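What follows is model.cif (mmCIF, C-alpha atoms and all ligand atoms).
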data_model
loop_
_atom_site.label_atom_id
_atom_site.label_comp_id
_atom_site.auth_asym_id
_atom_site.auth_seq_id
_atom_site.Cartn_x
_atom_site.Cartn_y
_atom_site.Cartn_z
CA MET C 1 3.67 20.90 -34.53
CA THR C 2 0.30 19.36 -35.49
CA SER C 3 -1.53 17.04 -33.15
CA ASP C 4 -0.74 14.00 -35.37
CA GLU C 5 2.94 14.88 -35.42
CA ARG C 6 2.86 15.15 -31.64
CA LYS C 7 1.25 11.69 -31.37
CA ASP C 8 3.84 10.18 -33.74
CA ASN C 9 6.65 11.73 -31.73
CA CYS C 10 5.11 10.50 -28.53
CA ARG C 11 4.81 6.91 -29.88
CA LEU C 12 8.42 6.99 -31.09
CA LEU C 13 9.73 8.30 -27.78
CA THR C 14 7.66 5.81 -25.81
CA LYS C 15 9.16 2.93 -27.84
CA GLN C 16 12.73 4.15 -27.49
CA ARG C 17 12.79 5.18 -23.84
CA PRO C 18 12.04 3.58 -20.48
CA GLU C 19 8.68 4.02 -18.81
CA PRO C 20 8.15 6.88 -16.36
CA GLY C 21 9.55 6.12 -12.97
CA GLU C 22 12.23 3.85 -14.44
CA SER C 23 14.64 6.73 -15.03
CA PRO C 24 16.61 6.85 -11.79
CA ASN C 25 16.56 10.12 -9.91
CA TRP C 26 19.67 8.74 -8.26
CA LEU C 27 21.02 11.99 -6.88
CA ARG C 28 17.87 12.71 -4.88
CA ARG C 29 18.01 9.16 -3.51
CA VAL C 30 21.62 9.61 -2.45
CA VAL C 31 20.78 12.91 -0.72
CA GLN C 32 17.74 11.36 0.98
CA LEU C 33 19.77 8.37 2.16
CA SER C 34 22.52 10.66 3.47
CA PHE C 35 20.03 12.61 5.58
CA VAL C 36 18.45 9.37 6.86
CA ILE C 37 21.88 8.04 7.90
CA PHE C 38 22.72 11.39 9.49
CA SER C 39 19.41 11.29 11.42
CA LEU C 40 20.11 7.76 12.67
CA PHE C 41 23.53 8.90 13.80
CA LEU C 42 21.88 11.84 15.64
CA CYS C 43 19.45 9.43 17.32
CA LEU C 44 22.32 7.26 18.60
CA GLN C 45 24.23 10.29 19.86
CA PHE C 46 21.11 11.68 21.53
CA ARG C 47 20.40 8.28 23.09
CA SER C 48 23.80 8.22 24.78
CA PHE C 49 23.19 11.81 25.97
CA VAL C 50 19.85 10.79 27.54
CA LEU C 51 21.40 7.68 29.12
CA SER C 52 24.13 9.84 30.66
CA LEU C 53 21.42 11.93 32.38
CA THR C 54 20.41 8.90 34.46
CA GLY C 55 23.84 8.53 36.11
CA PRO C 56 24.95 9.89 39.54
CA VAL C 57 24.80 13.68 40.03
CA ASP C 58 28.56 14.13 39.52
CA ALA C 59 28.84 11.69 36.55
CA PRO C 60 29.85 13.38 33.26
CA ILE C 61 27.11 14.13 30.73
CA LYS C 62 27.62 13.10 27.10
CA ALA C 63 27.46 15.74 24.35
CA ARG C 64 23.97 16.52 23.09
CA PRO C 65 23.74 16.86 19.26
CA PRO C 66 22.09 20.27 18.64
CA ALA C 67 20.63 19.19 15.26
CA VAL C 68 17.99 17.06 17.07
CA GLU C 69 16.16 20.36 17.56
CA ALA C 70 15.09 20.05 13.91
CA TYR C 71 12.45 17.67 15.31
CA LEU C 72 10.90 20.45 17.41
CA PRO C 73 9.16 22.57 14.73
CA ILE C 74 6.46 23.94 17.05
CA SER C 75 9.05 25.13 19.55
CA SER C 76 10.96 26.67 16.62
CA LEU C 77 7.83 28.41 15.33
CA MET C 78 7.40 29.90 18.81
CA SER C 79 11.05 30.99 18.84
CA LEU C 80 10.65 32.61 15.42
CA THR C 81 7.47 34.41 16.51
CA TYR C 82 9.28 35.59 19.66
CA LEU C 83 12.22 36.79 17.54
CA VAL C 84 9.91 38.75 15.22
CA LYS C 85 7.95 40.28 18.12
CA THR C 86 10.87 41.12 20.41
CA GLY C 87 14.07 41.01 18.31
CA VAL C 88 15.48 38.40 20.72
CA ALA C 89 16.82 35.12 19.32
CA ASN C 90 16.56 32.80 22.32
CA ARG C 91 19.29 30.26 23.05
CA VAL C 92 17.17 27.42 24.41
CA HIS C 93 16.94 25.61 21.05
CA PRO C 94 19.04 27.78 18.70
CA ALA C 95 19.76 25.03 16.15
CA GLY C 96 16.01 24.37 15.88
CA LEU C 97 15.36 28.03 15.09
CA VAL C 98 18.16 28.12 12.49
CA ILE C 99 16.96 24.94 10.71
CA PHE C 100 13.28 25.96 10.83
CA THR C 101 14.01 29.44 9.43
CA LEU C 102 16.23 27.94 6.75
CA THR C 103 13.48 25.55 5.55
CA LEU C 104 11.03 28.48 5.28
CA VAL C 105 13.55 30.58 3.33
CA LEU C 106 14.39 27.66 1.02
CA ALA C 107 10.67 27.03 0.38
CA LEU C 108 10.22 30.70 -0.45
CA LEU C 109 13.18 30.70 -2.84
CA ILE C 110 13.24 27.24 -4.43
CA ARG C 111 10.02 25.51 -3.27
CA ARG C 112 9.53 22.79 -0.66
CA GLY C 113 12.33 20.47 -1.75
CA PHE C 114 12.90 19.91 1.99
CA CYS C 115 10.03 17.37 1.94
CA SER C 116 11.36 15.24 -0.92
CA TRP C 117 15.12 15.70 -0.47
CA VAL C 118 15.84 16.16 3.24
CA CYS C 119 13.04 15.15 5.63
CA PRO C 120 13.65 11.55 6.85
CA ILE C 121 9.91 11.13 7.52
CA GLY C 122 9.17 12.13 3.91
CA THR C 123 11.80 9.62 2.77
CA ALA C 124 10.29 6.86 4.94
CA ALA C 125 6.83 7.67 3.53
CA GLU C 126 8.23 7.46 -0.03
CA TRP C 127 9.94 4.14 0.68
CA ALA C 128 6.69 2.85 2.23
CA HIS C 129 4.51 3.57 -0.81
CA LYS C 130 7.18 2.23 -3.18
CA ALA C 131 7.28 -0.99 -1.12
CA GLY C 132 3.47 -1.08 -1.31
CA LYS C 133 3.61 -0.77 -5.09
CA LYS C 134 6.16 -3.60 -5.30
CA LEU C 135 4.08 -5.81 -2.99
CA PHE C 136 0.61 -5.21 -4.40
CA GLY C 137 1.42 -4.03 -7.92
CA ARG C 138 -0.02 -0.55 -7.34
CA ASN C 139 -0.96 2.04 -4.73
CA LEU C 140 -4.57 2.78 -3.85
CA SER C 141 -6.16 6.09 -4.79
CA MET C 142 -8.31 8.05 -2.42
CA PRO C 143 -11.72 9.07 -3.83
CA ARG C 144 -11.49 12.73 -4.93
CA TRP C 145 -13.98 14.01 -2.33
CA LEU C 146 -12.17 12.21 0.51
CA ASP C 147 -8.79 13.40 -0.76
CA VAL C 148 -9.99 17.02 -0.57
CA ILE C 149 -11.41 16.57 2.94
CA LEU C 150 -8.30 14.80 4.23
CA ARG C 151 -5.96 17.34 2.63
CA SER C 152 -7.70 20.12 4.48
CA LEU C 153 -6.90 18.32 7.78
CA ARG C 154 -3.27 19.41 7.81
CA TYR C 155 -4.29 23.01 7.07
CA LEU C 156 -6.67 22.88 10.03
CA LEU C 157 -3.81 21.59 12.20
CA LEU C 158 -1.48 24.26 10.82
CA GLY C 159 -4.08 27.01 11.33
CA PHE C 160 -4.57 25.88 14.91
CA PHE C 161 -0.83 25.99 15.69
CA VAL C 162 -0.06 29.20 13.80
CA PHE C 163 -2.97 31.24 15.16
CA SER C 164 -2.53 29.97 18.72
CA ILE C 165 1.14 30.94 18.60
CA LEU C 166 0.70 34.27 16.80
CA LEU C 167 -2.00 35.31 19.25
CA MET C 168 0.07 34.41 22.32
CA PRO C 169 1.18 37.47 24.34
CA ILE C 170 4.95 37.98 24.51
CA ALA C 171 5.01 37.10 28.22
CA ALA C 172 3.32 33.74 27.52
CA LEU C 173 5.77 33.00 24.68
CA ARG C 174 8.69 33.83 26.96
CA GLN C 175 7.26 31.64 29.72
CA PHE C 176 6.95 28.70 27.31
CA ILE C 177 10.33 29.12 25.62
CA TYR C 178 12.34 29.41 28.85
CA GLY C 179 10.09 27.02 30.79
CA PRO C 180 11.04 23.45 31.82
CA TYR C 181 8.76 21.76 29.26
CA ASN C 182 10.42 23.39 26.25
CA ARG C 183 13.92 22.91 27.66
CA ILE C 184 13.43 19.17 27.90
CA ALA C 185 10.98 18.70 24.99
CA ASP C 186 13.59 16.79 22.95
CA VAL C 187 14.10 14.25 25.77
CA LYS C 188 10.32 13.90 26.20
CA MET C 189 10.02 13.17 22.48
CA TYR C 190 12.82 10.59 22.69
CA LEU C 191 11.08 8.85 25.63
CA LEU C 192 7.84 8.74 23.63
CA PHE C 193 9.58 6.37 21.20
CA SER C 194 12.00 4.57 23.53
CA ASN C 195 9.29 3.76 26.11
CA ILE C 196 6.56 3.40 23.56
CA THR C 197 3.01 2.74 24.78
CA VAL C 198 0.59 0.33 23.10
CA THR C 199 -1.52 3.28 21.92
CA ALA C 200 1.44 5.11 20.34
CA LEU C 201 2.67 1.89 18.69
CA THR C 202 -0.81 1.19 17.29
CA VAL C 203 -1.01 4.71 15.85
CA ILE C 204 2.45 4.33 14.22
CA LEU C 205 1.56 0.92 12.76
CA VAL C 206 -1.75 2.19 11.35
CA LEU C 207 -0.03 5.24 9.79
CA GLY C 208 2.70 2.95 8.43
CA LEU C 209 0.13 0.65 6.83
CA LEU C 210 -1.76 3.58 5.30
CA SER C 211 1.56 4.93 3.96
CA VAL C 212 2.23 1.55 2.29
CA LEU C 213 -1.21 1.55 0.66
CA PHE C 214 -1.51 5.24 -0.32
CA LYS C 215 1.16 7.48 -1.87
CA ASN C 216 2.54 9.97 0.65
CA PHE C 217 -0.37 9.43 3.07
CA LEU C 218 1.40 10.99 6.05
CA CYS C 219 2.83 14.01 4.20
CA ARG C 220 -0.25 14.67 2.08
CA TYR C 221 -2.86 14.49 4.82
CA LEU C 222 -1.31 14.92 8.24
CA CYS C 223 1.89 16.99 8.20
CA PRO C 224 1.29 20.65 9.16
CA TYR C 225 5.00 21.41 8.60
CA GLY C 226 4.67 20.38 4.93
CA ALA C 227 1.50 22.49 4.69
CA LEU C 228 3.38 25.54 5.99
CA LEU C 229 6.25 24.96 3.54
CA GLY C 230 3.70 24.52 0.74
CA LEU C 231 2.20 27.94 1.48
CA PHE C 232 5.67 29.54 1.45
CA SER C 233 6.61 27.73 -1.77
CA PHE C 234 3.44 29.07 -3.44
CA LEU C 235 5.19 32.46 -3.41
CA SER C 236 8.41 31.08 -4.92
CA PRO C 237 9.45 32.34 -8.37
CA VAL C 238 10.95 28.90 -9.05
CA ALA C 239 8.52 26.30 -10.42
CA VAL C 240 8.10 23.36 -12.77
CA ARG C 241 7.47 24.86 -16.22
CA ARG C 242 6.42 23.03 -19.38
CA ASP C 243 7.26 24.39 -22.79
CA ALA C 244 4.08 23.76 -24.81
CA ASP C 245 5.97 24.24 -28.09
CA LYS C 246 8.40 21.42 -27.40
CA CYS C 247 6.06 19.12 -25.44
CA VAL C 248 4.66 16.14 -27.39
CA GLU C 249 1.85 15.67 -24.82
CA CYS C 250 2.75 12.09 -23.95
CA GLY C 251 1.58 12.56 -20.35
CA LYS C 252 4.60 10.86 -18.77
CA CYS C 253 5.37 13.79 -16.49
CA GLY C 254 1.84 13.77 -15.05
CA ARG C 255 1.92 10.01 -14.48
CA ALA C 256 5.32 10.24 -12.78
CA CYS C 257 4.25 12.86 -10.23
CA PRO C 258 3.98 11.27 -6.76
CA ASN C 259 1.68 14.07 -5.67
CA GLN C 260 -0.91 13.51 -8.37
CA ILE C 261 -0.37 16.89 -10.03
CA PRO C 262 -1.51 16.85 -13.70
CA VAL C 263 1.82 18.34 -14.82
CA ASP C 264 1.16 17.53 -18.50
CA LYS C 265 -1.97 19.73 -18.43
CA LYS C 266 -0.24 22.76 -16.92
CA LYS C 267 2.21 25.28 -18.31
CA MET C 268 3.46 26.00 -14.81
CA VAL C 269 3.00 24.04 -11.56
CA ARG C 270 1.97 26.42 -8.80
CA SER C 271 0.51 23.68 -6.60
CA VAL C 272 1.41 23.77 -2.91
CA GLU C 273 1.76 19.97 -3.19
CA CYS C 274 4.81 20.20 -5.50
CA THR C 275 7.90 19.06 -3.58
CA ALA C 276 10.44 19.75 -6.35
CA CYS C 277 11.23 16.04 -6.54
CA PHE C 278 12.15 16.23 -10.26
CA SER C 279 10.21 13.01 -11.01
CA CYS C 280 8.27 14.77 -13.79
CA VAL C 281 11.47 16.25 -15.23
CA GLY C 282 13.22 12.86 -15.05
CA ALA C 283 10.29 11.10 -16.76
CA CYS C 284 10.19 13.45 -19.75
CA ARG C 285 12.06 12.21 -22.84
CA THR C 286 11.60 15.33 -24.95
CA PRO C 287 14.62 17.61 -24.66
CA GLY C 288 13.77 21.00 -23.23
CA ALA C 289 10.05 20.27 -22.79
CA ILE C 290 9.97 20.57 -19.01
CA GLY C 291 12.19 21.84 -16.24
CA ILE C 292 12.34 23.68 -12.91
CA SER C 293 13.18 27.30 -13.55
CA LEU C 294 12.50 30.97 -12.97
CA PRO C 295 9.67 32.69 -14.94
CA ARG C 296 9.88 32.44 -18.75
CA GLY C 297 12.15 29.41 -18.41
CA LYS C 298 15.10 31.52 -17.25
CA MET C 299 17.85 29.86 -15.22
CA ARG C 300 16.72 26.26 -15.43
CA VAL C 301 17.83 24.46 -12.25
CA SER C 302 19.33 21.03 -12.89
CA VAL C 303 18.71 18.17 -10.49
CA VAL C 304 22.42 18.25 -9.58
CA ALA C 305 22.32 21.98 -8.81
CA TYR C 306 19.18 21.51 -6.69
CA GLY C 307 20.79 18.70 -4.68
CA VAL C 308 23.97 20.71 -4.15
CA ILE C 309 21.94 23.75 -3.01
CA MET C 310 20.04 21.59 -0.50
CA ILE C 311 23.13 20.00 1.04
CA ALA C 312 25.14 23.23 1.02
CA ALA C 313 22.30 25.22 2.61
CA PHE C 314 22.04 22.89 5.62
CA PHE C 315 25.77 22.33 5.97
CA PHE C 316 26.79 25.99 5.74
CA SER C 317 23.97 27.35 7.89
CA ALA C 318 25.10 24.98 10.66
CA GLN C 319 28.73 26.05 10.18
CA ILE C 320 27.86 29.77 10.18
CA SER C 321 25.69 29.35 13.28
CA ARG C 322 28.57 27.59 15.03
CA THR C 323 30.95 30.39 14.03
CA PHE C 324 28.58 32.96 15.57
CA ASN C 325 28.19 30.76 18.64
CA TYR C 326 24.47 30.30 17.97
CA TRP C 327 24.12 26.54 17.66
CA ARG C 328 24.46 24.89 21.06
CA SER C 329 21.70 25.23 23.66
CA GLU C 330 22.35 27.44 26.66
CA THR C 331 20.70 24.84 28.92
CA PRO C 332 23.55 23.51 31.12
CA GLY C 333 24.02 19.77 31.58
CA GLY C 334 23.28 20.07 35.30
CA MET C 335 19.89 21.64 34.54
CA TYR C 336 19.10 18.86 32.05
CA LYS C 337 19.91 16.32 34.75
CA ALA C 338 17.71 18.08 37.32
CA LEU C 339 14.83 18.35 34.85
CA TYR C 340 15.24 14.72 33.81
CA SER C 341 14.94 13.56 37.43
CA ARG C 342 11.38 14.97 37.54
CA ILE C 343 10.46 14.63 33.87
CA ALA C 344 7.20 12.78 34.56
CA GLU C 345 5.90 15.83 36.48
CA ILE C 346 6.73 18.28 33.69
CA GLY C 347 3.60 18.62 31.59
CA HIS C 348 2.77 20.85 28.63
CA PRO C 349 2.09 24.41 29.86
CA ARG C 350 -1.50 25.57 29.44
S1 LIG M 1 5.20 18.46 -10.20
FE1 LIG M 1 7.12 17.42 -10.68
S2 LIG M 1 8.57 18.23 -9.15
FE2 LIG M 1 6.50 18.74 -8.44
S3 LIG M 1 5.94 17.02 -7.07
FE3 LIG M 1 5.15 16.52 -9.13
S4 LIG M 1 6.79 15.30 -10.04
FE4 LIG M 1 7.70 16.33 -8.28
S1 LIG M 2 6.51 17.69 -20.73
FE1 LIG M 2 5.30 15.92 -20.05
S2 LIG M 2 3.75 15.64 -21.62
FE2 LIG M 2 5.31 16.99 -22.49
S3 LIG M 2 6.73 15.63 -23.54
FE3 LIG M 2 7.57 15.87 -21.52
S4 LIG M 2 6.67 14.18 -20.32
FE4 LIG M 2 5.48 14.33 -22.21
#

Would you give me this structure, written as structure tokens?
Amino acid sequence: MTSDERKDNCRLLTKQRPEPGESPNWLRRVVQLSFVIFSLFLCLQFRSFVLSLTGPVDAPIKARPPAVEAYLPISSLMSLTYLVKTGVANRVHPAGLVIFTLTLVLALLIRRGFCSWVCPIGTAAEWAHKAGKKLFGRNLSMPRWLDVILRSLRYLLLGFFVFSILLMPIAALRQFIYGPYNRIADVKMYLLFSNITVTALTVILVLGLLSVLFKNFLCRYLCPYGALLGLFSFLSPVAVRRDADKCVECGKCGRACPNQIPVDKKKMVRSVECTACFSCVGACRTPGAIGISLPRGKMRVSVVAYGVIMIAAFFFSAQISRTFNYWRSETPGGMYKALYSRIAEIGHPR
């Protein structure tokens, strides 16, 4: 196809089809919303568990939802390191370890779709910048030099956590994992939000405002978890691939990418920023020009298949873990109650 023919095709397709971003990636939105609703349900369940800890010593304790441990990625990274070093899978936060390991495996196999399909914080960040675009007509762009500096922040944070944990002696890991701080870390995190201080509220509001103004501010610049998944997904054989023979070079895919990846200039997207959101694929109006697949375009993954894989992976890993009795924490309710009664004294171990 000559360059003129490409331009003609591009003009024709642009006239006939909606603009990028208009094509609804409805399935991803449904999956995101389902995980947000599930997370809110977890929060309510966890709230009633925490409230039941404040009752008299002999009062019954409400069930604690194990999936809240998904919000303890640093504890889970320690558990995984401990498992690799000793062969022991601890039972303090087993669900956290299962979910954390699963997200790493998924990133390695099918890229970091966790960020754009599952993570409720990623969903909130996406909703925030879409609201910003509706309110102000567009999102702001960071100057290139500042974008590079800020993006390196989350790698610095990640490097700090990973190296500190990897270099910890086994005895220190064991002391942390089985210590009082880790056992009650989920309750401490809950109290951080339920008894929020002015400082914490100010930080959240500032981050919220920045997320409204800039696309994916929180995920792009501050989330070390996303950075870790990005590094794993770099090794994945699955990637966005553009077929240069079919592509009419209209640039819609590049403009649709929420992570500012110039998809239309690449044959394959290797970027650690790619979250497998399918926005570029959904924006393309040229059949077969772009897709998420294995090398040489083999086994193209449809958006439906990707969504099903995501839901099934989390659902079945939880079911399998339950079957093998590795889902609920070993920490007894009585110990939770005792730890809760002196929670203010329990600080982070040095
Ligand atoms: S390259 Fe495509 S799949 Fe990857 S983040 Fe950009 S729009 Fe989403
Ligand atoms: S792959 Fe991108 S540039 Fe090529 S036709 Fe599709 S949207 Fe246009």

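Computed from the coordinates, the atom CA of Gly291 of chain C to atom CA of Arg28 of chain C distance equals 15.6 Å.
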
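The space separating atom CA of Gly254 of chain C from atom CA of Thr103 of chain C comes to 26.4 Å.
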
With all atoms listed in the file as the counted atoms, please give the residues lying no more than 8 Å from Ile177 of chain C, apart from itself and same-chain residues fewer than 4 positions off, as a list in words.
Ser75, Met78, Ser79, Asn90, Val92, Leu173, Asn182 and Arg183 of chain C

May I have the protein, DNA and RNA residues with any atom at most 12 Å from the point (19.8, 21.1, -5.8), counting only C-alpha atoms, written as a compact mmCIF listing (two decimals) with C-alpha atoms, in the coordinates of the input?
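Now in point_38.txt:
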# COMPACT_ATOMS: atom_id res chain seq x y z
CA LEU C 27 21.02 11.99 -6.88
CA ARG C 28 17.87 12.71 -4.88
CA VAL C 31 20.78 12.91 -0.72
CA LEU C 106 14.39 27.66 1.02
CA ILE C 110 13.24 27.24 -4.43
CA ARG C 111 10.02 25.51 -3.27
CA ARG C 112 9.53 22.79 -0.66
CA GLY C 113 12.33 20.47 -1.75
CA PHE C 114 12.90 19.91 1.99
CA SER C 116 11.36 15.24 -0.92
CA TRP C 117 15.12 15.70 -0.47
CA VAL C 118 15.84 16.16 3.24
CA ALA C 276 10.44 19.75 -6.35
CA CYS C 277 11.23 16.04 -6.54
CA PHE C 278 12.15 16.23 -10.26
CA ILE C 292 12.34 23.68 -12.91
CA SER C 293 13.18 27.30 -13.55
CA ARG C 300 16.72 26.26 -15.43
CA VAL C 301 17.83 24.46 -12.25
CA SER C 302 19.33 21.03 -12.89
CA VAL C 303 18.71 18.17 -10.49
CA VAL C 304 22.42 18.25 -9.58
CA ALA C 305 22.32 21.98 -8.81
CA TYR C 306 19.18 21.51 -6.69
CA GLY C 307 20.79 18.70 -4.68
CA VAL C 308 23.97 20.71 -4.15
CA ILE C 309 21.94 23.75 -3.01
CA MET C 310 20.04 21.59 -0.50
CA ILE C 311 23.13 20.00 1.04
CA ALA C 312 25.14 23.23 1.02
CA ALA C 313 22.30 25.22 2.61
CA PHE C 314 22.04 22.89 5.62

Output the neighbourhood of ligand LIG 2 (chain M) as a list of chain:residue names, that is, all protein and nucleic acid residues with some atom at most 8 Å from the ligand, counting only C-alpha atoms and all ligand atoms.
C:Cys10, C:Arg242, C:Asp243, C:Ala244, C:Lys246, C:Cys247, C:Val248, C:Glu249, C:Cys250, C:Gly251, C:Lys252, C:Cys253, C:Gly254, C:Val263, C:Asp264, C:Lys265, C:Cys280, C:Val281, C:Ala283, C:Cys284, C:Arg285, C:Thr286, C:Pro287, C:Ala289, C:Ile290

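Atom CA of His348 of chain C is found 25.3 Å from atom CA of Tyr221 of chain C.
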
Show me, as a ChimeraX atom specification, the residues that have an atom within 12 Å of Ser194 of chain C when counting all atoms listed in the file, minus same-chain residues fewer than 4 positions from it.
/C:43-44,46-47,50-51,187-190,200-201

Segment 137-150 of chain C surroundings by only C-alpha atoms, 8 Å radius, close-in-sequence under 2 positions cut, as a PDB file with C-alpha atoms, in the coordinates of the input:
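Listing of selection08.pdb after writing:
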ATOM      1  CA  HIS C 129       4.510   3.570  -0.810  1.00  0.00           C
ATOM      2  CA  GLY C 132       3.470  -1.080  -1.310  1.00  0.00           C
ATOM      3  CA  LYS C 133       3.610  -0.770  -5.090  1.00  0.00           C
ATOM      4  CA  LYS C 134       6.160  -3.600  -5.300  1.00  0.00           C
ATOM      5  CA  LEU C 135       4.080  -5.810  -2.990  1.00  0.00           C
ATOM      6  CA  SER C 152      -7.700  20.120   4.480  1.00  0.00           C
ATOM      7  CA  LEU C 153      -6.900  18.320   7.780  1.00  0.00           C
ATOM      8  CA  ARG C 154      -3.270  19.410   7.810  1.00  0.00           C
ATOM      9  CA  VAL C 212       2.230   1.550   2.290  1.00  0.00           C
ATOM     10  CA  LEU C 213      -1.210   1.550   0.660  1.00  0.00           C
ATOM     11  CA  PHE C 214      -1.510   5.240  -0.320  1.00  0.00           C
ATOM     12  CA  LYS C 215       1.160   7.480  -1.870  1.00  0.00           C
ATOM     13  CA  TYR C 221      -2.860  14.490   4.820  1.00  0.00           C
TER      14      TYR C 221
END

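Shortest atom-to-atom contact with Phe160 of chain C among C:Ile343, C:Leu294, C:Ile74, C:Val198: C:Ile74, counting all atoms listed in the file.
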
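Residue nearest Ala70 of chain C, chosen from C:Gln32, C:Phe163, C:Trp327, C:Gly208 and counting all atoms listed in the file: C:Trp327.
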
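Among the candidates C:Asp245, C:Glu273, C:Asp186, C:Asp58, the one nearest to ligand LIG 1 (chain M) when counting all atoms listed in the file is C:Glu273.
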
Closest of C:Leu229, C:Val98, C:Ala89, C:Cys219 to Ile320 of chain C, counting only C-alpha atoms, is C:Val98

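Of the residues listed (C:Leu207, C:Val238, C:Leu97, C:Val30), C:Val238 shows the shortest atom-to-atom separation from ligand LIG 1 (chain M); distances use all atoms listed in the file.
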
Padding 6 Å on each side, edges along x, y and z: where is the centre of the box around the listed atoms of ligand LIG 1 (chain M), and how long are its edges in Å to one decimal? Output it as lines of an AutoDock Vina configuration file.
center_x = 6.9
center_y = 17.0
center_z = -8.9
size_x = 15.4
size_y = 15.4
size_z = 15.6

Which of these residues is nearest to Gly347 of chain C, using all atoms listed in the file: C:Ser321, C:Ala185, C:Met335, C:Pro60?
C:Ala185

Please identify all polymer residues within 8 Å of Leu158 of chain C, counting all atoms listed in the file, omitting same-chain residues fewer than 2 positions from it, and present them as an NGL selection string.
:C and (154-156 or 160-162 or 224-225 or 227-228)

Save the residues we just selected, C-alpha atoms, as a compact mmCIF listing (two decimals), in the coordinates of the input?
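out.txt written:
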# COMPACT_ATOMS: atom_id res chain seq x y z
CA ARG C 154 -3.27 19.41 7.81
CA TYR C 155 -4.29 23.01 7.07
CA LEU C 156 -6.67 22.88 10.03
CA PHE C 160 -4.57 25.88 14.91
CA PHE C 161 -0.83 25.99 15.69
CA VAL C 162 -0.06 29.20 13.80
CA PRO C 224 1.29 20.65 9.16
CA TYR C 225 5.00 21.41 8.60
CA ALA C 227 1.50 22.49 4.69
CA LEU C 228 3.38 25.54 5.99

Can you give me N, CA and C atoms for segment 31-47 of chain C, written as a PDB file, keeping the file's coordinate frame?
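Writing the result to selection_2.pdb gives the following:
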ATOM      1  N   VAL C  31      20.928  11.830  -1.713  1.00  0.00           N
ATOM      2  CA  VAL C  31      20.780  12.910  -0.720  1.00  0.00           C
ATOM      3  C   VAL C  31      19.819  12.453   0.386  1.00  0.00           C
ATOM      4  N   GLN C  32      18.704  11.843  -0.021  1.00  0.00           N
ATOM      5  CA  GLN C  32      17.740  11.360   0.980  1.00  0.00           C
ATOM      6  C   GLN C  32      18.407  10.364   1.932  1.00  0.00           C
ATOM      7  N   LEU C  33      19.124   9.403   1.347  1.00  0.00           N
ATOM      8  CA  LEU C  33      19.770   8.370   2.160  1.00  0.00           C
ATOM      9  C   LEU C  33      20.796   8.995   3.105  1.00  0.00           C
ATOM     10  N   SER C  34      21.520  10.002   2.610  1.00  0.00           N
ATOM     11  CA  SER C  34      22.520  10.660   3.470  1.00  0.00           C
ATOM     12  C   SER C  34      21.850  11.303   4.673  1.00  0.00           C
ATOM     13  N   PHE C  35      20.708  11.966   4.448  1.00  0.00           N
ATOM     14  CA  PHE C  35      20.030  12.610   5.580  1.00  0.00           C
ATOM     15  C   PHE C  35      19.423  11.564   6.530  1.00  0.00           C
ATOM     16  N   VAL C  36      18.983  10.424   5.986  1.00  0.00           N
ATOM     17  CA  VAL C  36      18.450   9.370   6.860  1.00  0.00           C
ATOM     18  C   VAL C  36      19.581   8.829   7.738  1.00  0.00           C
ATOM     19  N   ILE C  37      20.738   8.566   7.121  1.00  0.00           N
ATOM     20  CA  ILE C  37      21.880   8.040   7.900  1.00  0.00           C
ATOM     21  C   ILE C  37      22.311   9.060   8.950  1.00  0.00           C
ATOM     22  N   PHE C  38      22.344  10.327   8.546  1.00  0.00           N
ATOM     23  CA  PHE C  38      22.720  11.390   9.490  1.00  0.00           C
ATOM     24  C   PHE C  38      21.722  11.422  10.666  1.00  0.00           C
ATOM     25  N   SER C  39      20.430  11.261  10.356  1.00  0.00           N
ATOM     26  CA  SER C  39      19.410  11.290  11.420  1.00  0.00           C
ATOM     27  C   SER C  39      19.576  10.105  12.369  1.00  0.00           C
ATOM     28  N   LEU C  40      19.905   8.932  11.800  1.00  0.00           N
ATOM     29  CA  LEU C  40      20.110   7.760  12.670  1.00  0.00           C
ATOM     30  C   LEU C  40      21.321   7.979  13.582  1.00  0.00           C
ATOM     31  N   PHE C  41      22.342   8.587  13.020  1.00  0.00           N
ATOM     32  CA  PHE C  41      23.530   8.900  13.800  1.00  0.00           C
ATOM     33  C   PHE C  41      23.180   9.869  14.942  1.00  0.00           C
ATOM     34  N   LEU C  42      22.334  10.878  14.609  1.00  0.00           N
ATOM     35  CA  LEU C  42      21.880  11.840  15.640  1.00  0.00           C
ATOM     36  C   LEU C  42      21.125  11.119  16.750  1.00  0.00           C
ATOM     37  N   CYS C  43      20.249  10.174  16.336  1.00  0.00           N
ATOM     38  CA  CYS C  43      19.450   9.430  17.320  1.00  0.00           C
ATOM     39  C   CYS C  43      20.365   8.680  18.287  1.00  0.00           C
ATOM     40  N   LEU C  44      21.402   8.033  17.743  1.00  0.00           N
ATOM     41  CA  LEU C  44      22.320   7.260  18.600  1.00  0.00           C
ATOM     42  C   LEU C  44      23.060   8.179  19.566  1.00  0.00           C
ATOM     43  N   GLN C  45      23.499   9.324  19.014  1.00  0.00           N
ATOM     44  CA  GLN C  45      24.230  10.290  19.860  1.00  0.00           C
ATOM     45  C   GLN C  45      23.308  10.829  20.945  1.00  0.00           C
ATOM     46  N   PHE C  46      22.059  11.122  20.558  1.00  0.00           N
ATOM     47  CA  PHE C  46      21.110  11.680  21.530  1.00  0.00           C
ATOM     48  C   PHE C  46      20.760  10.632  22.587  1.00  0.00           C
ATOM     49  N   ARG C  47      20.704   9.374  22.160  1.00  0.00           N
ATOM     50  CA  ARG C  47      20.400   8.280  23.090  1.00  0.00           C
ATOM     51  C   ARG C  47      21.484   8.216  24.179  1.00  0.00           C
TER      52      ARG C  47
END
